[in-house]
>>> print(open('coords-v6.cif').read())   # mmCIF, C-alpha atoms
data_entry
#
loop_
_atom_site.label_atom_id
_atom_site.label_comp_id
_atom_site.auth_asym_id
_atom_site.auth_seq_id
_atom_site.Cartn_x
_atom_site.Cartn_y
_atom_site.Cartn_z
CA MET A 39 179.55 246.82 110.43
CA LEU A 40 176.14 247.41 111.97
CA GLY A 41 176.00 249.54 115.10
CA THR A 42 174.25 248.51 118.31
CA VAL A 43 171.01 250.24 117.36
CA ALA A 44 170.92 248.63 113.94
CA LEU A 45 171.62 245.20 115.37
CA VAL A 46 168.82 245.57 117.89
CA ALA A 47 166.44 246.79 115.20
CA VAL A 48 167.34 243.97 112.82
CA ALA A 49 166.98 241.38 115.55
CA ALA A 50 163.62 242.76 116.63
CA GLY A 51 162.38 242.84 113.04
CA ALA A 52 163.47 239.27 112.46
CA VAL A 53 161.64 238.03 115.53
CA ALA A 54 158.50 239.86 114.52
CA GLN A 55 158.39 238.65 110.91
CA GLN A 56 159.70 235.08 110.87
CA GLU A 57 157.40 232.07 111.24
CA PRO A 58 158.53 229.41 113.72
CA PRO A 59 160.60 226.72 111.92
CA PRO A 60 159.22 223.19 111.65
CA ALA A 61 160.31 220.79 114.38
CA GLY A 62 163.83 219.55 113.82
CA ALA A 63 164.62 222.06 111.05
CA ALA A 64 167.15 223.93 113.16
CA ALA A 65 168.99 220.67 113.85
CA ALA A 66 169.34 219.73 110.20
CA GLY A 67 172.71 218.11 109.65
CA LEU A 68 173.40 217.71 113.37
CA ASP A 69 173.26 214.53 115.40
CA LEU A 70 171.21 215.89 118.34
CA PRO A 71 169.14 213.86 120.80
CA THR A 72 165.36 214.19 120.64
CA ASN A 73 164.97 214.73 124.39
CA ILE A 74 167.57 217.22 125.65
CA GLU A 75 168.68 217.24 129.28
CA PHE A 76 171.07 219.89 130.53
CA PHE A 77 173.85 219.00 132.96
CA GLY A 78 175.56 221.59 135.16
CA LYS A 79 174.92 225.33 135.45
CA LEU A 80 172.79 227.27 133.03
CA ASP A 81 173.99 230.65 131.68
CA PRO A 82 174.63 232.74 134.83
CA ASN A 83 174.05 235.96 132.84
CA VAL A 84 170.39 235.19 132.15
CA ARG A 85 168.25 237.39 134.40
CA LYS A 86 165.00 236.14 135.86
CA PRO A 87 161.94 238.37 135.43
CA THR A 88 161.11 240.81 138.20
CA ALA A 89 157.46 241.15 137.11
CA ILE A 90 155.17 239.98 134.33
CA VAL A 91 152.56 242.57 133.37
CA ASN A 92 149.79 241.12 131.20
CA ASP A 93 152.37 238.76 129.66
CA HIS A 94 155.04 241.47 129.20
CA VAL A 95 158.21 240.59 131.11
CA ILE A 96 160.07 243.23 133.13
CA THR A 97 163.48 241.86 134.06
CA GLY A 98 165.98 242.77 136.73
CA THR A 99 168.14 244.15 133.92
CA ASP A 100 165.32 246.51 132.89
CA VAL A 101 165.11 247.82 136.45
CA ASP A 102 168.89 248.18 136.89
CA GLN A 103 169.31 250.00 133.58
CA ARG A 104 166.46 252.42 134.29
CA VAL A 105 167.91 253.16 137.73
CA ALA A 106 171.28 253.85 136.11
CA LEU A 107 169.57 256.10 133.53
CA ILE A 108 167.89 258.17 136.26
CA LEU A 109 171.10 258.54 138.26
CA ALA A 110 173.10 259.52 135.16
CA ALA A 111 170.48 262.02 133.95
CA ASN A 112 170.49 263.72 137.35
CA ASN A 113 174.27 263.53 137.88
CA ALA A 114 173.51 261.68 141.08
CA GLY A 115 176.79 259.79 141.29
CA GLN A 116 177.04 257.18 144.03
CA ILE A 117 174.08 256.71 146.38
CA SER A 118 173.70 254.51 149.43
CA GLN A 119 172.45 250.95 149.07
CA ALA A 120 169.29 251.85 151.02
CA ASP A 121 168.56 254.72 148.60
CA ARG A 122 169.26 252.46 145.63
CA ASP A 123 166.87 249.82 146.96
CA ARG A 124 164.14 252.44 147.42
CA LEU A 125 164.78 253.79 143.95
CA LYS A 126 164.59 250.29 142.43
CA LEU A 127 161.17 249.73 143.98
CA GLN A 128 159.97 253.07 142.61
CA VAL A 129 161.43 252.29 139.18
CA LEU A 130 159.69 248.92 139.12
CA ARG A 131 156.37 250.68 139.77
CA GLN A 132 157.14 253.16 137.02
CA LEU A 133 158.03 250.38 134.57
CA ILE A 134 154.75 248.64 135.36
CA ASP A 135 152.83 251.88 134.75
CA GLU A 136 154.80 252.48 131.57
CA THR A 137 153.97 249.00 130.33
CA LEU A 138 150.27 249.46 131.09
CA GLU A 139 150.27 252.80 129.23
CA ILE A 140 151.91 251.29 126.14
CA GLN A 141 149.53 248.33 126.20
CA GLU A 142 146.48 250.57 126.55
CA ALA A 143 147.67 252.76 123.68
CA LYS A 144 148.14 249.72 121.45
CA SER A 145 144.66 248.51 122.30
CA ALA A 146 143.45 251.87 120.94
CA ASP A 147 145.42 251.24 117.70
CA ILE A 148 148.12 253.72 118.69
CA THR A 149 151.61 252.60 117.80
CA ILE A 150 154.77 254.67 118.07
CA THR A 151 157.00 253.99 115.06
CA ARG A 152 160.69 253.28 115.29
CA ASP A 153 161.40 256.52 113.39
CA GLU A 154 159.46 258.58 115.93
CA ILE A 155 161.37 256.99 118.79
CA THR A 156 164.69 257.61 117.01
CA GLN A 157 163.83 261.28 116.39
CA SER A 158 162.99 261.77 120.08
CA TYR A 159 166.15 259.89 121.09
CA ASP A 160 168.23 262.19 118.89
CA ARG A 161 166.54 265.22 120.46
CA VAL A 162 167.31 263.94 123.97
CA SER A 163 170.93 263.41 122.90
CA ARG A 164 171.15 267.04 121.77
CA ASN A 165 169.74 268.15 125.13
CA PHE A 166 172.68 266.33 126.71
CA ASN A 167 175.04 268.08 124.24
CA ARG A 168 175.89 264.73 122.66
CA THR A 169 175.49 263.05 119.30
CA PRO A 170 173.33 259.89 119.27
CA ALA A 171 176.50 257.78 119.11
CA GLN A 172 178.04 259.66 122.04
CA MET A 173 174.77 259.30 123.95
CA ALA A 174 174.86 255.54 123.41
CA THR A 175 178.39 255.40 124.81
CA PHE A 176 177.38 257.61 127.75
CA LEU A 177 174.44 255.32 128.56
CA ARG A 178 176.54 252.15 128.38
CA ASP A 179 179.27 253.69 130.54
CA SER A 180 176.60 254.68 133.06
CA GLY A 181 175.27 251.12 133.28
CA SER A 182 172.16 251.85 131.22
CA SER A 183 171.38 251.37 127.52
CA GLU A 184 169.73 252.90 124.47
CA ARG A 185 166.99 250.31 124.84
CA SER A 186 166.05 251.57 128.29
CA LEU A 187 165.88 255.20 127.20
CA LYS A 188 163.96 254.35 124.02
CA ARG A 189 161.46 252.29 126.01
CA GLN A 190 160.83 255.30 128.25
CA ILE A 191 160.44 257.51 125.17
CA GLU A 192 157.96 255.05 123.66
CA GLY A 193 155.92 255.03 126.87
CA GLU A 194 155.75 258.82 127.09
CA LEU A 195 154.86 259.29 123.40
CA ALA A 196 152.25 256.51 123.47
CA TRP A 197 150.53 257.88 126.57
CA GLN A 198 150.55 261.47 125.30
CA ARG A 199 149.00 260.36 122.00
CA TYR A 200 146.44 258.21 123.82
CA LEU A 201 145.39 261.17 125.97
CA ARG A 202 145.11 263.44 122.92
CA ARG A 203 142.91 260.93 121.12
CA LYS A 204 140.86 259.38 123.90
CA VAL A 205 140.70 261.97 126.67
CA GLU A 206 141.21 265.55 125.44
CA PRO A 207 138.29 265.53 122.94
CA PHE A 208 135.88 264.74 125.80
CA VAL A 209 137.08 267.50 128.13
CA ASN A 210 134.91 270.55 127.63
CA ILE A 211 135.49 273.94 129.24
CA GLY A 212 132.53 276.32 129.35
CA ASP A 213 132.76 280.07 128.76
CA GLN A 214 131.10 280.65 132.13
CA GLU A 215 133.83 278.64 133.89
CA VAL A 216 136.52 280.75 132.28
CA LYS A 217 134.72 283.98 133.12
CA ALA A 218 134.26 282.88 136.74
CA ILE A 219 138.00 282.25 137.08
CA LEU A 220 138.88 285.62 135.57
CA ASP A 221 136.42 287.30 137.94
CA ARG A 222 137.98 285.53 140.91
CA LEU A 223 141.46 286.60 139.78
CA GLU A 224 140.35 290.20 139.54
CA ALA A 225 138.79 289.97 143.00
CA ALA A 226 141.98 288.38 144.38
CA LYS A 227 144.27 291.11 143.04
CA GLY A 228 147.01 291.83 145.56
CA THR A 229 146.65 288.58 147.48
CA GLU A 230 149.58 286.20 147.78
CA GLU A 231 150.15 283.18 145.55
CA PHE A 232 152.80 280.51 145.74
CA ASN A 233 154.93 278.56 143.27
CA VAL A 234 154.89 275.11 144.87
CA ARG A 235 156.32 271.66 144.14
CA GLU A 236 154.89 268.58 145.84
CA ILE A 237 155.74 264.96 146.49
CA PHE A 238 152.59 262.98 147.30
CA LEU A 239 152.66 259.47 148.78
CA SER A 240 149.34 257.66 149.01
CA ALA A 241 148.50 255.85 152.25
CA ASN A 242 145.63 254.07 153.96
CA ASP A 243 144.92 252.89 157.49
CA ALA A 244 146.84 249.64 156.92
CA ASN A 245 150.12 251.14 155.64
CA SER A 246 150.04 254.69 157.03
CA ALA A 247 152.94 254.17 159.46
CA GLN A 248 155.10 252.55 156.79
CA VAL A 249 154.43 255.33 154.26
CA LEU A 250 155.11 258.01 156.88
CA GLU A 251 158.47 256.43 157.63
CA ARG A 252 159.28 256.39 153.89
CA ALA A 253 158.28 260.06 153.60
CA ARG A 254 160.60 260.94 156.48
CA GLY A 255 163.42 259.10 154.73
CA ILE A 256 162.80 261.13 151.56
CA MET A 257 162.84 264.33 153.64
CA ASP A 258 166.21 263.32 155.11
CA GLU A 259 167.61 262.89 151.59
CA ILE A 260 166.18 266.22 150.43
CA ARG A 261 167.82 268.01 153.36
CA LYS A 262 171.22 266.72 152.25
CA ALA A 263 170.76 268.96 149.18
CA GLN A 264 172.68 266.55 146.96
CA GLN A 265 169.86 266.54 144.39
CA PRO A 266 167.18 269.11 143.49
CA PHE A 267 163.64 268.63 144.82
CA GLY A 268 162.41 267.78 141.32
CA PHE A 269 164.66 264.70 141.25
CA PHE A 270 162.88 263.24 144.28
CA ALA A 271 159.44 264.27 143.00
CA ARG A 272 160.02 262.48 139.71
CA GLN A 273 161.16 259.32 141.46
CA TYR A 274 158.82 259.08 144.44
CA SER A 275 155.67 261.16 143.93
CA GLU A 276 152.48 259.30 143.09
CA ALA A 277 150.65 262.40 141.85
CA SER A 278 150.18 263.17 138.15
CA THR A 279 152.60 266.09 138.58
CA ARG A 280 155.43 263.56 138.91
CA ALA A 281 156.08 263.99 135.17
CA VAL A 282 156.81 267.71 135.71
CA GLU A 283 158.93 267.16 138.83
CA GLY A 284 156.05 267.88 141.20
CA ASP A 285 155.39 271.39 139.87
CA LEU A 286 151.94 272.65 140.90
CA GLY A 287 152.57 276.00 139.24
CA TRP A 288 151.34 279.23 140.84
CA VAL A 289 148.52 278.62 143.31
CA ARG A 290 146.79 280.61 146.03
CA ALA A 291 146.38 279.25 149.53
CA ALA A 292 142.63 278.87 148.98
CA GLN A 293 143.30 276.46 146.10
CA LEU A 294 145.28 274.06 148.30
CA PRO A 295 143.99 271.56 150.87
CA ALA A 296 143.78 273.21 154.29
CA GLU A 297 146.79 271.29 155.62
CA LEU A 298 149.02 272.40 152.72
CA ALA A 299 147.69 275.97 152.72
CA SER A 300 148.58 276.34 156.38
CA ALA A 301 152.12 275.05 155.76
CA VAL A 302 152.88 277.07 152.65
CA GLN A 303 151.82 280.35 154.27
CA GLN A 304 154.49 279.87 156.93
CA MET A 305 157.27 278.97 154.48
CA GLN A 306 159.91 281.14 152.85
CA ALA A 307 161.06 280.70 149.25
CA GLY A 308 163.52 277.82 149.05
CA GLN A 309 162.19 275.99 152.12
CA VAL A 310 160.90 272.40 152.21
CA ALA A 311 158.23 271.16 154.64
CA GLY A 312 156.81 267.75 155.47
CA PRO A 313 155.70 265.08 155.71
CA ILE A 314 152.26 266.70 155.99
CA ALA A 315 149.25 264.43 156.59
CA VAL A 316 146.57 265.08 153.95
CA PRO A 317 143.47 263.12 152.95
CA GLY A 318 144.71 259.96 151.24
CA GLY A 319 148.34 260.12 152.25
CA PHE A 320 151.28 262.43 152.98
CA SER A 321 152.76 265.41 151.12
CA ILE A 322 156.19 267.02 151.06
CA LEU A 323 156.20 270.64 149.84
CA ALA A 324 158.91 272.86 148.38
CA LEU A 325 158.17 276.58 148.06
CA VAL A 326 159.97 277.84 144.96
CA ASP A 327 158.73 281.42 145.12
CA LYS A 328 155.81 283.65 146.10
CA ARG A 329 154.26 286.81 144.70
CA GLN A 330 151.10 288.92 144.79
CA VAL A 331 148.30 288.26 142.30
CA LEU A 332 148.19 290.72 139.38
CA THR A 333 150.77 292.97 141.08
CA ALA A 334 154.05 293.95 139.47
CA ASP A 335 157.03 292.28 141.13
CA PRO A 336 160.37 294.17 141.02
CA ARG A 337 162.11 290.82 140.52
CA ASP A 338 160.40 290.53 137.12
CA ALA A 339 162.44 293.48 135.83
CA LYS A 340 164.22 292.49 132.60
CA LEU A 341 167.92 293.32 132.59
CA SER A 342 170.46 294.09 129.92
CA LEU A 343 173.79 292.79 131.22
CA LYS A 344 177.39 292.38 130.15
CA GLN A 345 179.29 289.59 131.87
CA LEU A 346 183.06 289.64 132.17
CA THR A 347 184.81 286.34 132.91
CA ILE A 348 188.40 285.34 133.51
CA ALA A 349 189.40 281.68 133.65
CA PHE A 350 192.31 280.21 135.59
CA PRO A 351 194.73 277.93 133.70
CA ALA A 352 195.08 274.35 134.87
CA GLY A 353 197.48 274.08 137.79
CA THR A 354 196.73 277.56 139.16
CA ASN A 355 197.23 277.46 142.91
CA GLU A 356 195.15 279.31 145.49
CA ALA A 357 197.58 282.21 145.90
CA GLN A 358 197.83 282.77 142.14
CA ALA A 359 194.05 282.64 141.77
CA ALA A 360 193.58 285.15 144.61
CA ALA A 361 196.11 287.54 143.04
CA ARG A 362 194.46 287.41 139.63
CA ALA A 363 190.99 287.79 141.15
CA ALA A 364 192.22 290.88 143.03
CA ALA A 365 193.57 292.39 139.78
CA PHE A 366 190.23 291.57 138.13
CA GLY A 367 188.34 293.34 140.94
CA LYS A 368 190.56 296.44 140.63
CA ALA A 369 189.97 296.58 136.87
CA ILE A 370 186.20 296.27 137.35
CA GLN A 371 186.25 299.43 139.47
CA THR A 372 187.55 301.43 136.47
CA ILE A 373 184.46 300.64 134.36
CA GLN A 374 182.59 303.83 133.48
CA GLY A 375 179.41 302.66 131.84
CA CYS A 376 178.82 299.75 129.48
CA GLY A 377 180.68 301.48 126.65
CA THR A 378 183.99 300.87 128.42
CA VAL A 379 183.45 297.19 129.25
CA GLU A 380 185.24 295.75 126.18
CA LYS A 381 188.20 298.09 126.66
CA VAL A 382 188.63 297.13 130.32
CA ALA A 383 188.15 293.44 129.49
CA ALA A 384 190.96 293.60 126.92
CA THR A 385 193.43 294.87 129.54
CA ILE A 386 192.87 291.84 131.80
CA GLY A 387 192.16 289.15 129.19
CA ALA A 388 188.51 288.77 130.16
CA GLU A 389 185.78 287.36 127.95
CA VAL A 390 182.62 289.47 127.49
CA VAL A 391 179.14 288.00 126.97
CA ASP A 392 175.94 290.04 126.42
CA ASN A 393 172.52 289.04 127.77
CA ASP A 394 169.45 291.20 127.21
CA THR A 395 166.73 288.80 128.38
CA ILE A 396 167.49 287.80 131.95
CA ARG A 397 165.16 288.74 134.82
CA ILE A 398 166.28 289.55 138.34
CA ARG A 399 164.37 286.52 139.67
CA ASP A 400 166.40 284.25 137.33
CA LEU A 401 169.62 285.13 139.16
CA PRO A 402 170.86 283.31 142.29
CA PRO A 403 169.33 284.98 145.39
CA GLN A 404 172.57 286.56 146.67
CA LEU A 405 173.40 287.95 143.23
CA ALA A 406 169.83 289.13 142.59
CA GLU A 407 169.91 291.20 145.77
CA ILE A 408 173.09 292.98 144.65
CA VAL A 409 171.95 293.55 141.05
CA GLN A 410 168.65 294.98 142.28
CA GLN A 411 170.60 297.83 143.92
CA LEU A 412 172.81 298.64 140.89
CA GLN A 413 172.48 301.75 138.78
CA VAL A 414 172.99 301.53 135.00
CA GLY A 415 176.73 301.32 134.23
CA GLN A 416 177.68 299.84 137.60
CA ALA A 417 179.23 296.39 138.11
CA THR A 418 178.86 293.71 140.75
CA PRO A 419 181.81 292.69 142.92
CA PRO A 420 183.75 289.73 141.45
CA PHE A 421 182.27 286.29 142.17
CA GLY A 422 182.99 282.70 141.15
CA SER A 423 185.51 279.96 141.92
CA ARG A 424 188.95 278.74 140.93
CA GLU A 425 187.38 275.89 138.96
CA GLN A 426 184.77 277.93 137.06
CA GLY A 427 186.51 281.28 136.84
CA VAL A 428 185.70 284.71 138.24
CA ARG A 429 182.91 286.90 136.86
CA SER A 430 181.31 290.29 137.20
CA LEU A 431 178.01 291.59 135.82
CA VAL A 432 177.65 295.12 134.47
CA LEU A 433 174.13 296.57 134.32
CA CYS A 434 173.50 298.21 130.94
CA GLY A 435 169.73 298.63 131.11
CA ARG A 436 166.63 297.70 133.05
CA ASP A 437 162.99 297.42 132.00
CA ASP A 438 160.78 297.47 135.07
CA PRO A 439 157.68 295.25 134.95
CA ARG A 440 154.27 296.71 134.28
CA GLY A 441 151.35 296.16 136.61
CA GLY A 442 150.03 292.62 136.57
CA GLN A 443 147.49 291.83 133.88
CA LEU A 444 144.74 289.26 133.79
CA PRO A 445 145.53 286.17 131.69
CA SER A 446 143.58 285.83 128.46
CA SER A 447 140.49 283.65 128.25
CA GLU A 448 142.43 281.27 126.03
CA GLN A 449 145.22 280.91 128.62
CA VAL A 450 142.72 280.13 131.36
CA GLU A 451 140.90 277.62 129.15
CA ASN A 452 144.16 275.85 128.25
CA GLN A 453 145.15 275.60 131.91
CA LEU A 454 141.78 274.16 132.89
CA GLN A 455 141.95 271.72 129.99
CA GLN A 456 145.37 270.49 131.06
CA GLN A 457 144.33 270.08 134.68
CA ARG A 458 141.32 267.98 133.76
CA VAL A 459 143.25 265.88 131.27
CA ASN A 460 145.85 265.16 133.98
CA LEU A 461 143.11 264.20 136.43
CA ARG A 462 141.45 261.82 133.97
CA ALA A 463 144.83 260.37 133.03
CA GLN A 464 145.49 259.60 136.68
CA GLN A 465 142.07 257.97 137.03
CA LYS A 466 142.62 255.91 133.87
CA LEU A 467 146.00 254.69 135.06
CA ARG A 468 144.45 253.74 138.40
CA ASP A 469 141.84 251.66 136.52
CA LEU A 470 144.55 249.99 134.44
CA ARG A 471 146.48 249.04 137.57
CA ARG A 472 143.36 247.60 139.16
CA ASP A 473 142.51 245.47 136.11
CA ALA A 474 146.07 244.37 135.28
CA VAL A 475 147.44 240.87 135.84
CA VAL A 476 150.83 241.45 137.45
CA GLU A 477 152.94 238.53 138.60
CA TYR A 478 155.99 239.41 140.70
CA ARG A 479 159.03 237.15 140.71
#
>>> encode(input="coords-v6.cif", output="structure tokens")
Amino acid sequence: MLGTVALVAVAAGAVAQQEPPPAGAAAAGLDLPTNIEFFGKLDPNVRKPTAIVNDHVITGTDVDQRVALILAANNAGQISQADRDRLKLQVLRQLIDETLEIQEAKSADITITRDEITQSYDRVSRNFNRTPAQMATFLRDSGSSERSLKRQIEGELAWQRYLRRKVEPFVNIGDQEVKAILDRLEAAKGTEEFNVREIFLSANDANSAQVLERARGIMDEIRKAQQPFGFFARQYSEASTRAVEGDLGWVRAAQLPAELASAVQQMQAGQVAGPIAVPGGFSILALVDKRQVLTADPRDAKLSLKQLTIAFPAGTNEAQAAARAAAFGKAIQTIQGCGTVEKVAATIGAEVVDNDTIRIRDLPPQLAEIVQQLQVGQATPPFGSREQGVRSLVLCGRDDPRGGQLPSSEQVENQLQQQRVNLRAQQKLRDLRRDAVVEYR
């Protein structure tokens, strides 16, 4: 029996290759009237189109399934009807952009094959720790479909290939530009730079109040901390960084618009600020981290750790968990260097995992602060939960970071190239939107 994917593929191939039958051929052998008139209700499951983009139909089903895909991918669970309505409007805009990108790529003789889409789909499935078949079941159970995910994959691959062929070859970076940036970095050594994420909403005089209200609504949702900032950036931001969850990378205050520079300099890592009025709209900022240019940061120290973990069997009550955690904590205190970790772990039935590549900044803030004070051979106090088990980290080694070094000329050139490609991609998409024939239903 053919699976869902095969059936879809066969059906699509048949539609693409067959010629329309001559009039009346389909009715051969049947006594059907020439002029057909339907009585009663038509199929209630047929969805009307939400938008027609240059003759391509985007249906309500397409929107609903993409919304379900986004919520499932971000483990969003149930959201309010108001949030769902806002998300549907954003998804419709994204589907329109996606359609325009695919159409523009095809006009440039760029076609993404079914095999390429399948390979990417399989890779996405692995990222979700699922087989393709399990992924298909997961999508259906979530209210989405393979078709929705594969359409998104096609759009991303088509646009990336279009940019590589039609944009990247015409972006030139001069040696003097690269040298000027390196000189500025050297001159800025020791100054602060910020790792920032942004949600940008465009606005004009006519809709400024409406957009501001929408930005405040997004801020309210961010403050609930039910989803990471990147989730909202990917769904709502209108900047080209939407594809990377609003990540602006490491920037100095002087590289930001004055309004954003002023805000970010007053923020602490982990804080969110906005809406901030900027030329052309409003921004919401999240400060991920900050550091000093070309200066070694103690949090970049690379650690060699051993992690001990005990799990609680199903049905363990709070008192039992507390007693076992206390015994775990007492055993941890007997550790005398990393050479004794396995022996101590065996006495309490703990699992031991080695990690030689983690940096202090990769740890949760509370844990990073404790680990930063440890000497080699010492362990952290027990931490965890009844559901996920109790853990302790033992410090076995620490490589402190060297003084900051200038990036290579090639790294600077690649970064400039990517920035300019993103800018031209945004301009191209704006042109496509302006020239498109979009009929809303």
>>> resolve_selection(input="coords-v6.cif", expression="the PyMOL selection byres ((chain A and resi 317) around 10)", output="list in words")
Ser240, Ala241, Asn242, Pro295, Glu297, Ile314, Ala315, Val316, Gly318, Gly319, Phe320 and Ser321 of chain A
>>> resolve_selection(input="coords-v6.cif", expression="the PyMOL selection byres ((chain A and resi 420) around 12)", output="list in words")
Gln345, Leu346, Thr347, Ile348, Ala360, Arg362, Ala363, Ala364, Ala365, Phe366, Gly367, Lys368, Ala369, Ile370, Gln371, Leu405, Ile408, Ala417, Thr418, Pro419, Phe421, Gly422, Ser423, Gly427, Val428, Arg429, Ser430, Leu431 and Val432 of chain A
>>> atom_distance(input="coords-v6.cif", atom1="CA of Leu323 (chain A)", atom2="CA of Gly284 (chain A)")
9.1 Å
>>> atom_distance(input="coords-v6.cif", atom1="CA of Leu444 (chain A)", atom2="CA of Arg397 (chain A)")
20.5 Å
>>> closest_residue(input="coords-v6.cif", among="A:Asp400, A:Asp285, A:Glu215, A:Asp394", to="Phe238 (chain A)", atoms="only C-alpha atoms")
A:Asp285
>>> resolve_selection(input="coords-v6.cif", expression="the PyMOL selection byres ((chain A and resi 178-192) around 10)", output="PyMOL selection string")
chain A and resi 42-43+46+99-111+115+132-133+136-137+139-140+149-152+154-156+158-159+162+170-177+193-198
>>> residues_around(input="coords-v6.cif", residues="Gln309 (chain A)", least_positions_apart="5", cutoff="9 Å", atoms="all atoms listed in the file", output="ChimeraX atom specification")
/A:323-326
>>> residues_near_point(input="coords-v6.cif", point="(162.1, 293.2, 136.4)", cutoff="8 Å", atoms="all atoms listed in the file", output="compact mmCIF listing (two decimals) with C-alpha atoms, in the coordinates of the input")
# COMPACT_ATOMS: atom_id res chain seq x y z
CA ASP A 335 157.03 292.28 141.13
CA PRO A 336 160.37 294.17 141.02
CA ARG A 337 162.11 290.82 140.52
CA ASP A 338 160.40 290.53 137.12
CA ALA A 339 162.44 293.48 135.83
CA LYS A 340 164.22 292.49 132.60
CA LEU A 341 167.92 293.32 132.59
CA ARG A 397 165.16 288.74 134.82
CA ILE A 398 166.28 289.55 138.34
CA ARG A 399 164.37 286.52 139.67
CA ARG A 436 166.63 297.70 133.05
CA ASP A 437 162.99 297.42 132.00
CA ASP A 438 160.78 297.47 135.07
CA PRO A 439 157.68 295.25 134.95
>>> atom_distance(input="coords-v6.cif", atom1="CA of Ala89 (chain A)", atom2="CA of Asp469 (chain A)")
18.8 Å
>>> residues_around(input="coords-v6.cif", residues="Glu206 (chain A)", least_positions_apart="5", cutoff="12 Å", atoms="only C-alpha atoms", output="list in words")
Gln198, Arg199, Tyr200, Leu201, Ile211, Asn452, Leu454, Gln455, Gln456, Gln457, Arg458, Val459, Asn460, Leu461, Arg462 and Ala463 of chain A
>>> residues_around(input="coords-v6.cif", residues="Gly287 (chain A)", least_positions_apart="2", cutoff="12 Å", atoms="all atoms listed in the file", output="JSON, numbers by chain")
{"A": [231, 232, 233, 234, 235, 236, 279, 282, 283, 284, 285, 289, 290, 293, 294, 324, 325, 326, 327, 328, 453, 457]}
>>> residues_near_point(input="coords-v6.cif", point="(148.2, 291.8, 144.8)", cutoff="7 Å", atoms="only C-alpha atoms", output="PyMOL selection string")
chain A and resi 227-230+330-333
>>> axis_aligned_box(input="coords-v6.cif", around="region 169-187 of chain A", padding_each_side="8 Å", output="JSON")
{"center_x": 172.6, "center_y": 256.7, "center_z": 126.2, "size_x": 29.4, "size_y": 28.7, "size_z": 30.2}
>>> closest_residue(input="coords-v6.cif", among="A:Ala291, A:Ala352, A:Ala253, A:Ala383", to="Arg329 (chain A)", atoms="only C-alpha atoms")
A:Ala291
>>> closest_residue(input="coords-v6.cif", among="A:Ala143, A:Ala388, A:Met257, A:Val310", to="Ala349 (chain A)", atoms="only C-alpha atoms")
A:Ala388
>>> closest_residue(input="coords-v6.cif", among="A:Ser246, A:Glu451, A:Ala120, A:Val379", to="Asn210 (chain A)", atoms="all atoms listed in the file")
A:Glu451
>>> closest_residue(input="coords-v6.cif", among="A:Arg254, A:Arg202, A:Val390, A:Ala225", to="Ile148 (chain A)", atoms="all atoms listed in the file")
A:Arg202
>>> decode(input="coords-v6.cif", residues="region 451-459 of chain A", atoms="N, CA, C and O atoms", output="tab-separated table (two decimals), in the first residue's frame")
chain	number	residue	atom	x	y	z
A	451	GLU	N	35.15	39.68	5.64
A	451	GLU	CA	34.58	39.73	4.28
A	451	GLU	C	33.30	38.92	4.19
A	451	GLU	O	32.30	39.36	3.61
A	452	ASN	N	33.31	37.72	4.79
A	452	ASN	CA	32.11	36.87	4.76
A	452	ASN	C	30.95	37.52	5.49
A	452	ASN	O	29.80	37.43	5.04
A	453	GLN	N	31.23	38.18	6.60
A	453	GLN	CA	30.17	38.84	7.35
A	453	GLN	C	29.57	40.00	6.57
A	453	GLN	O	28.34	40.17	6.51
A	454	LEU	N	30.44	40.79	5.94
A	454	LEU	CA	29.96	41.89	5.11
A	454	LEU	C	29.13	41.38	3.94
A	454	LEU	O	28.09	41.94	3.60
A	455	GLN	N	29.61	40.30	3.34
A	455	GLN	CA	28.90	39.70	2.20
A	455	GLN	C	27.50	39.30	2.62
A	455	GLN	O	26.52	39.59	1.93
A	456	GLN	N	27.40	38.62	3.77
A	456	GLN	CA	26.10	38.14	4.21
A	456	GLN	C	25.16	39.30	4.54
A	456	GLN	O	23.97	39.26	4.22
A	457	GLN	N	25.68	40.34	5.15
A	457	GLN	CA	24.85	41.50	5.48
A	457	GLN	C	24.27	42.14	4.22
A	457	GLN	O	23.10	42.50	4.17
A	458	ARG	N	25.10	42.27	3.20
A	458	ARG	CA	24.64	42.93	1.98
A	458	ARG	C	23.69	42.04	1.18
A	458	ARG	O	22.75	42.54	0.56
A	459	VAL	N	23.93	40.74	1.21
A	459	VAL	CA	23.00	39.82	0.55
A	459	VAL	C	21.64	39.90	1.23
A	459	VAL	O	20.60	39.95	0.56
